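Coordinates as given in coords_3.csv (CSV, C-alpha atoms and all ligand atoms):
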chain,number,residue,atom,x,y,z
A,1,MET,CA,-6.2,-79.4,-46.7
A,2,SER,CA,-8.7,-77.9,-49.2
A,3,PHE,CA,-11.2,-75.0,-48.9
A,4,TYR,CA,-14.7,-75.2,-50.5
A,5,TYR,CA,-17.3,-72.7,-51.5
A,6,TYR,CA,-21.0,-73.5,-52.3
A,7,ASP,CA,-21.8,-72.9,-56.0
A,8,ASN,CA,-25.5,-71.9,-56.3
A,9,ASP,CA,-25.8,-72.6,-60.0
A,10,GLU,CA,-24.5,-76.1,-59.8
A,11,CYS,CA,-25.9,-76.7,-56.3
A,12,LYS,CA,-22.7,-78.3,-55.0
A,13,PHE,CA,-19.5,-77.5,-53.0
A,14,VAL,CA,-16.6,-76.6,-55.3
A,15,PRO,CA,-13.0,-76.7,-54.0
A,16,ILE,CA,-11.4,-73.2,-53.9
A,17,GLU,CA,-8.3,-73.0,-56.0
A,18,TYR,CA,-5.1,-71.5,-54.7
A,19,SER,CA,-5.4,-68.4,-56.9
A,20,THR,CA,-8.8,-67.5,-55.3
A,21,VAL,CA,-7.3,-67.5,-51.8
A,22,ASP,CA,-4.4,-65.5,-53.1
A,23,ARG,CA,-6.9,-62.9,-54.5
A,24,LEU,CA,-8.8,-62.7,-51.2
A,25,ILE,CA,-5.6,-62.1,-49.2
A,26,HIS,CA,-4.5,-59.5,-51.7
A,27,THR,CA,-7.8,-57.6,-51.3
A,28,ALA,CA,-7.7,-57.8,-47.5
A,29,SER,CA,-4.1,-56.5,-47.3
A,30,GLN,CA,-5.1,-53.6,-49.6
A,31,LEU,CA,-7.9,-52.7,-47.3
A,32,LEU,CA,-5.6,-52.9,-44.3
A,33,LEU,CA,-3.1,-50.6,-46.1
A,34,TYR,CA,-5.8,-48.0,-46.9
A,35,GLY,CA,-6.9,-48.2,-43.2
A,36,ILE,CA,-3.4,-47.5,-42.0
A,37,VAL,CA,-3.0,-44.6,-44.4
A,38,ILE,CA,-6.4,-43.0,-43.5
A,39,THR,CA,-5.7,-43.5,-39.7
A,40,GLY,CA,-2.3,-41.9,-40.1
A,41,ILE,CA,-3.8,-38.9,-41.9
A,42,MET,CA,-6.5,-38.5,-39.3
A,43,ILE,CA,-3.9,-38.6,-36.4
A,44,SER,CA,-1.7,-36.0,-38.0
A,45,LEU,CA,-4.7,-33.8,-38.6
A,46,ILE,CA,-5.8,-34.1,-34.9
A,47,VAL,CA,-2.2,-33.4,-33.8
A,48,SER,CA,-1.8,-30.4,-36.0
A,49,PHE,CA,-5.0,-28.8,-34.7
A,50,ALA,CA,-5.0,-29.8,-31.0
A,51,GLY,CA,-1.4,-30.9,-30.4
A,52,THR,CA,0.0,-34.1,-28.9
A,53,PRO,CA,-1.2,-34.9,-25.3
A,54,ALA,CA,2.2,-33.6,-24.0
A,55,GLU,CA,1.7,-30.4,-26.0
A,56,ILE,CA,-1.9,-30.0,-24.7
A,57,ALA,CA,-0.6,-30.4,-21.1
A,58,LEU,CA,2.2,-27.9,-21.7
A,59,LYS,CA,-0.2,-25.3,-23.2
A,60,ALA,CA,-2.5,-25.7,-20.2
A,61,GLU,CA,0.5,-25.3,-17.9
A,62,ASN,CA,1.6,-22.2,-19.8
A,63,ARG,CA,-1.8,-20.6,-19.5
A,64,GLU,CA,-1.7,-21.2,-15.8
A,65,LEU,CA,1.8,-19.7,-15.4
A,66,GLN,CA,0.8,-16.7,-17.4
A,67,SER,CA,-2.2,-16.1,-15.2
A,68,GLN,CA,0.0,-16.5,-12.1
A,69,LEU,CA,2.4,-14.0,-13.6
A,70,ARG,CA,-0.3,-11.5,-14.1
A,71,HIS,CA,-1.5,-12.0,-10.5
A,72,THR,CA,2.1,-11.5,-9.3
A,73,LYS,CA,2.2,-8.3,-11.2
A,74,THR,CA,-0.9,-7.0,-9.4
A,75,THR,CA,0.7,-8.0,-6.0
A,76,ILE,CA,3.9,-6.2,-6.9
A,77,VAL,CA,2.0,-3.0,-7.9
A,78,ARG,CA,0.2,-3.1,-4.5
A,79,LEU,CA,3.4,-3.7,-2.5
A,80,ASP,CA,5.1,-0.9,-4.4
A,81,GLU,CA,2.3,1.5,-3.3
A,82,GLN,CA,2.5,0.4,0.3
A,83,LEU,CA,6.3,0.8,0.3
A,84,ALA,CA,6.0,4.2,-1.2
A,85,ARG,CA,3.6,5.2,1.5
A,86,MET,CA,5.9,3.8,4.2
A,87,ALA,CA,8.9,5.7,2.7
A,88,TYR,CA,6.8,8.9,2.8
A,89,THR,CA,5.8,8.4,6.4
A,90,ASP,CA,9.4,7.5,7.3
A,91,ASN,CA,10.8,10.6,5.7
A,92,GLU,CA,8.1,13.2,6.3
A,93,ILE,CA,7.2,12.1,9.8
A,94,TYR,CA,9.7,10.0,11.7
A,95,ARG,CA,12.9,11.2,10.3
A,96,THR,CA,11.9,14.8,10.0
A,97,MET,CA,10.4,14.9,13.5
A,98,LEU,CA,13.4,13.2,15.1
A,99,GLY,CA,15.7,15.6,13.3
A,100,LEU,CA,17.3,12.8,11.1
A,101,GLU,CA,18.2,13.7,7.5
A,102,PRO,CA,15.4,12.3,5.3
A,103,LEU,CA,16.6,9.6,2.8
A,104,SER,CA,16.2,10.9,-0.8
A,105,TYR,CA,13.9,9.0,-3.0
A,106,ASP,CA,16.8,8.4,-5.4
A,107,GLU,CA,18.7,6.9,-2.5
A,108,ARG,CA,15.8,4.6,-1.7
A,109,LEU,CA,15.6,3.4,-5.4
A,110,ALA,CA,19.4,3.2,-5.6
A,111,GLY,CA,21.2,0.3,-7.4
A,112,THR,CA,20.5,-1.5,-10.6
A,113,GLY,CA,21.5,-4.9,-12.0
A,114,GLY,CA,20.2,-8.2,-13.2
A,115,PHE,CA,21.0,-7.7,-16.8
A,116,ASP,CA,22.4,-11.1,-17.3
A,117,MET,CA,19.2,-12.6,-16.0
A,118,MET,CA,17.2,-10.3,-18.2
A,119,SER,CA,18.9,-11.3,-21.5
A,120,ARG,CA,18.0,-15.0,-20.8
A,121,LEU,CA,14.4,-14.0,-20.9
A,122,ASP,CA,14.5,-13.2,-24.6
A,123,VAL,CA,13.8,-16.7,-25.7
A,124,TYR,CA,10.2,-16.6,-24.7
A,125,GLN,CA,7.3,-15.1,-26.6
A,126,ALA,CA,7.6,-11.3,-26.6
A,127,GLN,CA,4.6,-10.7,-24.4
A,128,THR,CA,5.7,-13.3,-21.8
A,129,SER,CA,9.3,-12.2,-21.8
A,130,ASP,CA,8.1,-8.6,-21.2
A,131,LEU,CA,6.0,-9.7,-18.3
A,132,LEU,CA,8.8,-11.8,-16.8
A,133,ARG,CA,11.3,-9.0,-17.3
A,134,TRP,CA,9.0,-6.5,-15.6
A,135,THR,CA,8.3,-8.9,-12.7
A,136,LEU,CA,12.0,-9.7,-12.1
A,137,SER,CA,13.2,-6.1,-12.2
A,138,ASN,CA,10.4,-4.9,-9.9
A,139,ILE,CA,11.0,-7.7,-7.4
A,140,GLU,CA,14.6,-6.7,-7.2
A,141,SER,CA,13.6,-3.0,-6.8
A,142,LEU,CA,11.2,-4.0,-4.0
A,143,GLU,CA,13.9,-6.0,-2.3
A,144,ARG,CA,16.3,-3.1,-2.3
A,145,ARG,CA,13.7,-0.7,-1.0
A,146,VAL,CA,12.6,-3.0,1.8
A,147,ASN,CA,16.3,-3.3,2.9
A,148,ILE,CA,16.8,0.4,2.9
A,149,GLN,CA,13.5,0.9,4.8
A,150,GLN,CA,14.7,-1.7,7.4
A,151,LEU,CA,18.0,0.2,7.8
A,152,SER,CA,16.1,3.4,8.3
A,153,PHE,CA,13.8,1.9,11.0
A,154,ASP,CA,16.8,0.5,12.8
A,155,GLU,CA,18.4,4.0,12.8
A,156,ILE,CA,15.1,5.4,14.1
A,157,LYS,CA,14.9,2.8,16.9
A,158,TYR,CA,18.5,3.4,17.9
A,159,PHE,CA,17.9,7.2,17.9
A,160,TYR,CA,14.7,6.7,20.0
A,161,ASN,CA,16.5,4.6,22.6
A,162,GLN,CA,19.3,7.1,22.8
A,163,ASN,CA,16.9,10.0,23.2
A,164,GLN,CA,14.1,8.7,25.3
A,165,ASP,CA,13.9,12.0,27.4
A,166,LYS,CA,13.5,14.0,24.2
A,167,MET,CA,10.9,11.5,22.9
A,168,ARG,CA,8.8,12.0,26.0
A,169,HIS,CA,8.8,15.8,25.5
A,170,ILE,CA,8.1,16.0,21.8
A,171,PRO,CA,4.3,16.2,21.2
A,172,ALA,CA,3.3,12.8,19.8
A,173,ILE,CA,-0.3,12.0,20.5
A,174,ARG,CA,-3.7,13.5,19.6
A,175,PRO,CA,-4.8,16.1,22.2
A,176,ILE,CA,-8.4,14.9,22.1
A,177,ASN,CA,-10.3,11.7,21.2
A,178,SER,CA,-11.8,13.1,18.1
A,179,ILE,CA,-11.2,13.6,14.4
A,180,ILE,CA,-9.6,16.4,12.5
A,181,THR,CA,-12.0,18.5,10.4
A,182,SER,CA,-9.7,21.2,9.1
A,183,GLY,CA,-6.0,21.1,8.3
A,184,PHE,CA,-2.9,23.2,8.5
A,185,GLY,CA,-2.1,25.9,5.8
A,186,PRO,CA,-4.1,28.6,4.0
A,187,ARG,CA,-7.9,28.2,4.7
A,188,MET,CA,-11.0,30.3,4.4
A,189,HIS,CA,-11.7,31.9,7.8
A,190,PRO,CA,-15.3,31.1,8.8
A,191,VAL,CA,-15.9,34.6,10.4
A,192,TYR,CA,-13.6,37.0,8.6
A,193,ARG,CA,-14.5,35.3,5.2
A,194,PHE,CA,-11.1,35.5,3.6
A,195,ARG,CA,-8.2,33.1,3.1
A,196,ARG,CA,-5.4,33.3,5.7
A,197,PRO,CA,-2.9,30.9,7.1
A,198,HIS,CA,-4.4,28.4,9.5
A,199,GLU,CA,-1.6,27.7,11.9
A,200,GLY,CA,-3.0,24.6,13.4
A,201,VAL,CA,-5.6,21.9,12.9
A,202,ASP,CA,-9.2,21.8,14.1
A,203,PHE,CA,-10.7,18.8,15.9
A,204,ARG,CA,-14.5,18.4,16.0
A,205,ALA,CA,-15.7,18.4,19.6
A,206,ARG,CA,-18.8,19.3,21.6
A,207,ILE,CA,-18.3,21.7,24.5
A,208,GLY,CA,-16.7,20.1,27.5
A,209,THR,CA,-14.6,17.4,25.8
A,210,PRO,CA,-11.4,16.6,27.7
A,211,ILE,CA,-8.1,17.8,26.3
A,212,TYR,CA,-4.7,16.2,27.1
A,213,ALA,CA,-1.1,17.3,27.1
A,214,THR,CA,0.6,15.8,24.0
A,215,GLY,CA,4.1,15.7,25.5
A,216,ASP,CA,5.9,16.4,28.8
A,217,GLY,CA,6.5,20.1,29.4
A,218,ILE,CA,5.8,23.3,31.4
A,219,ILE,CA,2.6,25.4,31.2
A,220,THR,CA,3.5,28.8,29.8
A,221,MET,CA,-0.1,30.1,29.2
A,222,ALA,CA,-3.5,29.2,30.8
A,223,GLY,CA,-6.2,31.8,30.3
A,224,MET,CA,-7.8,34.3,27.9
A,225,ASN,CA,-5.7,35.1,24.8
A,226,GLY,CA,-7.6,37.5,22.4
A,227,THR,CA,-9.3,35.8,19.4
A,228,TYR,CA,-7.9,32.4,20.5
A,229,GLY,CA,-10.2,32.6,23.6
A,230,ILE,CA,-9.2,30.5,26.6
A,231,THR,CA,-5.9,29.1,25.6
A,232,ILE,CA,-3.3,26.7,27.1
A,233,LYS,CA,0.3,26.7,25.9
A,234,ILE,CA,3.0,24.2,26.9
A,235,ASP,CA,6.7,24.5,26.4
A,236,HIS,CA,8.1,21.0,25.8
A,237,GLY,CA,11.8,22.1,25.5
A,238,PHE,CA,14.0,21.0,22.5
A,239,GLY,CA,12.4,23.9,20.6
A,240,TYR,CA,8.8,22.5,20.8
A,241,GLU,CA,5.6,24.2,22.0
A,242,SER,CA,2.0,23.1,21.8
A,243,LEU,CA,-1.1,25.3,21.9
A,244,TYR,CA,-4.8,24.5,22.6
A,245,ALA,CA,-7.3,27.2,21.8
A,246,HIS,CA,-11.1,28.1,22.2
A,247,LEU,CA,-11.4,26.2,25.5
A,248,SER,CA,-14.4,26.4,27.8
A,249,ARG,CA,-12.2,26.1,30.8
A,250,VAL,CA,-8.7,25.1,32.1
A,251,GLU,CA,-8.4,22.1,34.4
A,252,THR,CA,-8.7,23.1,38.1
A,253,GLY,CA,-5.3,23.8,39.6
A,254,LEU,CA,-3.5,24.1,36.2
A,255,ARG,CA,-1.3,27.3,36.3
A,256,VAL,CA,1.6,28.8,34.4
A,257,GLY,CA,4.8,27.2,35.6
A,258,ARG,CA,3.3,23.9,36.5
A,259,SER,CA,4.8,20.8,34.7
A,260,VAL,CA,2.7,18.3,33.0
A,261,SER,CA,3.3,14.8,31.5
A,262,ARG,CA,2.0,13.5,28.2
A,263,GLY,CA,-1.6,12.4,28.6
A,264,ASP,CA,-2.4,14.7,31.6
A,265,LEU,CA,-5.9,16.3,31.5
A,266,ILE,CA,-5.3,20.0,31.0
A,267,GLY,CA,-8.7,21.5,30.0
A,268,PHE,CA,-12.0,21.2,28.2
A,269,THR,CA,-13.2,22.2,24.7
A,270,GLY,CA,-15.4,25.2,24.1
A,271,ASP,CA,-16.2,28.1,21.7
A,272,THR,CA,-14.4,31.1,23.3
A,273,GLY,CA,-12.7,33.6,21.0
A,274,VAL,CA,-13.5,34.1,17.3
A,275,VAL,CA,-14.9,30.7,16.1
A,276,GLU,CA,-17.7,29.3,14.0
A,277,GLY,CA,-18.6,26.7,16.7
A,278,PRO,CA,-17.3,24.5,19.4
A,279,HIS,CA,-14.0,22.7,18.5
A,280,LEU,CA,-10.4,22.4,19.5
A,281,HIS,CA,-7.8,24.4,17.6
A,282,TYR,CA,-4.4,22.7,18.1
A,283,GLU,CA,-1.0,24.1,17.1
A,284,ILE,CA,2.6,22.8,17.3
A,285,ILE,CA,5.3,25.4,17.2
A,286,ARG,CA,8.9,24.3,16.4
A,287,ASP,CA,11.7,26.9,16.9
A,288,GLY,CA,9.0,29.6,16.9
A,289,VAL,CA,7.4,28.6,13.6
A,290,PRO,CA,4.0,26.8,13.4
A,291,VAL,CA,4.3,23.3,11.8
A,292,ASP,CA,1.7,20.8,10.7
A,293,PRO,CA,0.4,19.0,13.8
A,294,ILE,CA,-0.7,15.9,11.9
A,295,ASN,CA,3.0,15.0,11.8
A,296,TYR,CA,3.1,15.0,15.6
A,297,MET,CA,0.6,12.3,16.4
A,298,PHE,CA,2.8,9.4,15.4
A,299,ALA,CA,2.5,7.7,18.8
A,300,ASP,CA,-1.2,7.0,18.5
A,301,LEU,CA,-2.0,7.2,14.8
A,302,SER,CA,-1.7,4.1,12.6
A,303,PRO,CA,-0.4,4.8,9.0
A,304,GLU,CA,-4.1,4.2,7.8
A,305,GLU,CA,-5.4,6.8,10.3
A,306,TYR,CA,-2.6,9.2,9.4
A,307,ILE,CA,-3.6,9.0,5.7
A,308,ALA,CA,-7.3,9.4,6.6
A,309,PHE,CA,-6.6,12.5,8.7
A,310,ARG,CA,-4.4,13.9,6.0
A,311,ARG,CA,-7.1,13.4,3.4
A,312,ILE,CA,-9.8,15.0,5.5
A,313,ALA,CA,-7.5,17.9,6.5
A,314,ASP,CA,-6.4,18.6,2.9
A,315,SER,CA,-9.9,18.3,1.4
A,316,ASN,CA,-11.5,20.8,3.7
A,317,ASP,CA,-10.8,24.3,2.5
A,318,ARG,CA,-12.5,26.0,5.5
A,319,SER,CA,-11.2,26.3,9.0
A,320,MET,CA,-13.3,26.6,12.2
A,321,ASP,CA,-10.4,28.7,13.5
B,1,ZN,ZN,-8.3,26.3,13.9
In structure tokens, how does this file's structure come out?
Amino acid sequence: MSFYYYDNDECKFVPIEYSTVDRLIHTASQLLLYGIVITGIMISLIVSFAGTPAEIALKAENRELQSQLRHTKTTIVRLDEQLARMAYTDNEIYRTMLGLEPLSYDERLAGTGGFDMMSRLDVYQAQTSDLLRWTLSNIESLERRVNIQQLSFDEIKYFYNQNQDKMRHIPAIRPINSIITSGFGPRMHPVYRFRRPHEGVDFRARIGTPIYATGDGIITMAGMNGTYGITIKIDHGFGYESLYAHLSRVETGLRVGRSVSRGDLIGFTGDTGVVEGPHLHYEIIRDGVPVDPINYMFADLSPEEYIAFRRIADSNDRSMD
């Protein structure tokens, strides 16, 4: 079989010789070769700038993991704060109040480890490996502290069950349905105008607000008491007393020697004695020494309320007395 081409000069079909076909094939294969080389260069350029599809996917995954890791770090910081608050409440309120030895903060943080795990993290980028190392060591620390907290709560529960009679007597609720306006400790006296120890807390209350016994006990005072005005005092036993001052009146029939239960109505707020205005001044006395009453409201204050009360009490430098 022969191939022809049309020759314009001679106006006729001329057979193509073998050498012509050979040349055409040669040219075509050269073009093909250039094409392959250029395509190859372009692919390698694209890969070096953007990465292979697998690399692109890995990079996206890596970014996602890093963002998750940062989110985890935020969560850990928050948990750490909550746990510290819980440990504080546990030590300063529950354990102290129940007469249990507080756990030292070193004890709560006790124990180290995980170094084998840590050294394996060195293979990653410095920034990532730092973040991973931080996360792992903090998770371990949280785990330890949660375990210790759990043990402490178990001990408190056991103690409570073994001492239910004592628990009913120790003041453990708010004496009035109101908020604290001034805390325990040195405060500016509103009438005398100098700083002196404020041996209780003040609750905001208009005249005639009901006051309740904060634990079971026996009335040891119910009447006028100098600058404290009309005052009620309850002996709870176990070394605890509570005092309610500046009342407008004592509940009818309440006399010295009568026993009361936690939650019993004992009197009404007023402004008797030396005061700036109507309020309830409330004290807790333990073994003859006034202590901070905020720590003796654990039966009806949530941890959030406790912190709010503490903040208000600490921020106000003036008592109503
Ligand atoms: Zn006061």
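Near ligand ZN 1 (chain B), at a distance of at most 7 Å and with only C-alpha atoms and all ligand atoms counted, sit the residues A:His198, A:Gly200, A:Val201, A:Asp202, A:His281, A:Tyr282, A:Ser319, A:Met320, A:Asp321.
Residues near the point (10.5, 3.2, 4.5), at a distance of 10 Å or less over all atoms listed in the file, make up Gln82, Leu83, Ala84, Arg85, Met86, Ala87, Tyr88, Thr89, Asp90, Asn91, Tyr94, Leu103, Arg108, Arg145, Val146, Asn147, Ile148, Gln149, Gln150, Leu151, Ser152 and Phe153 of chain A.
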Mind dumping the selected residues with C-alpha atoms as an mmCIF file, in the frame of the given file?
data_model
loop_
_atom_site.group_PDB
_atom_site.id
_atom_site.type_symbol
_atom_site.label_atom_id
_atom_site.label_comp_id
_atom_site.auth_asym_id
_atom_site.auth_seq_id
_atom_site.Cartn_x
_atom_site.Cartn_y
_atom_site.Cartn_z
ATOM 1 C CA GLN A 82 2.500 0.400 0.300
ATOM 2 C CA LEU A 83 6.300 0.800 0.300
ATOM 3 C CA ALA A 84 6.000 4.200 -1.200
ATOM 4 C CA ARG A 85 3.600 5.200 1.500
ATOM 5 C CA MET A 86 5.900 3.800 4.200
ATOM 6 C CA ALA A 87 8.900 5.700 2.700
ATOM 7 C CA TYR A 88 6.800 8.900 2.800
ATOM 8 C CA THR A 89 5.800 8.400 6.400
ATOM 9 C CA ASP A 90 9.400 7.500 7.300
ATOM 10 C CA ASN A 91 10.800 10.600 5.700
ATOM 11 C CA TYR A 94 9.700 10.000 11.700
ATOM 12 C CA LEU A 103 16.600 9.600 2.800
ATOM 13 C CA ARG A 108 15.800 4.600 -1.700
ATOM 14 C CA ARG A 145 13.700 -0.700 -1.000
ATOM 15 C CA VAL A 146 12.600 -3.000 1.800
ATOM 16 C CA ASN A 147 16.300 -3.300 2.900
ATOM 17 C CA ILE A 148 16.800 0.400 2.900
ATOM 18 C CA GLN A 149 13.500 0.900 4.800
ATOM 19 C CA GLN A 150 14.700 -1.700 7.400
ATOM 20 C CA LEU A 151 18.000 0.200 7.800
ATOM 21 C CA SER A 152 16.100 3.400 8.300
ATOM 22 C CA PHE A 153 13.800 1.900 11.000
#
From the options A:Leu98, A:Ile312, A:Gly226, A:Arg249, which residue's atoms come nearest to Glu155 of chain A, counting all atoms listed in the file? A:Leu98
For Ala205 of chain A, which of A:His169, A:Arg144, A:Arg258, A:His279 is the closest residue, counting only C-alpha atoms? A:His279
Nearest to Thr227 of chain A, restricted to all atoms listed in the file and choosing among A:Val274, A:Ile139, A:Val256, A:Ala213, comes out as A:Val274
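The two atoms in question, atom CA of Arg70 of chain A and atom CA of Ser137 of chain A, are spaced 14.7 Å apart.
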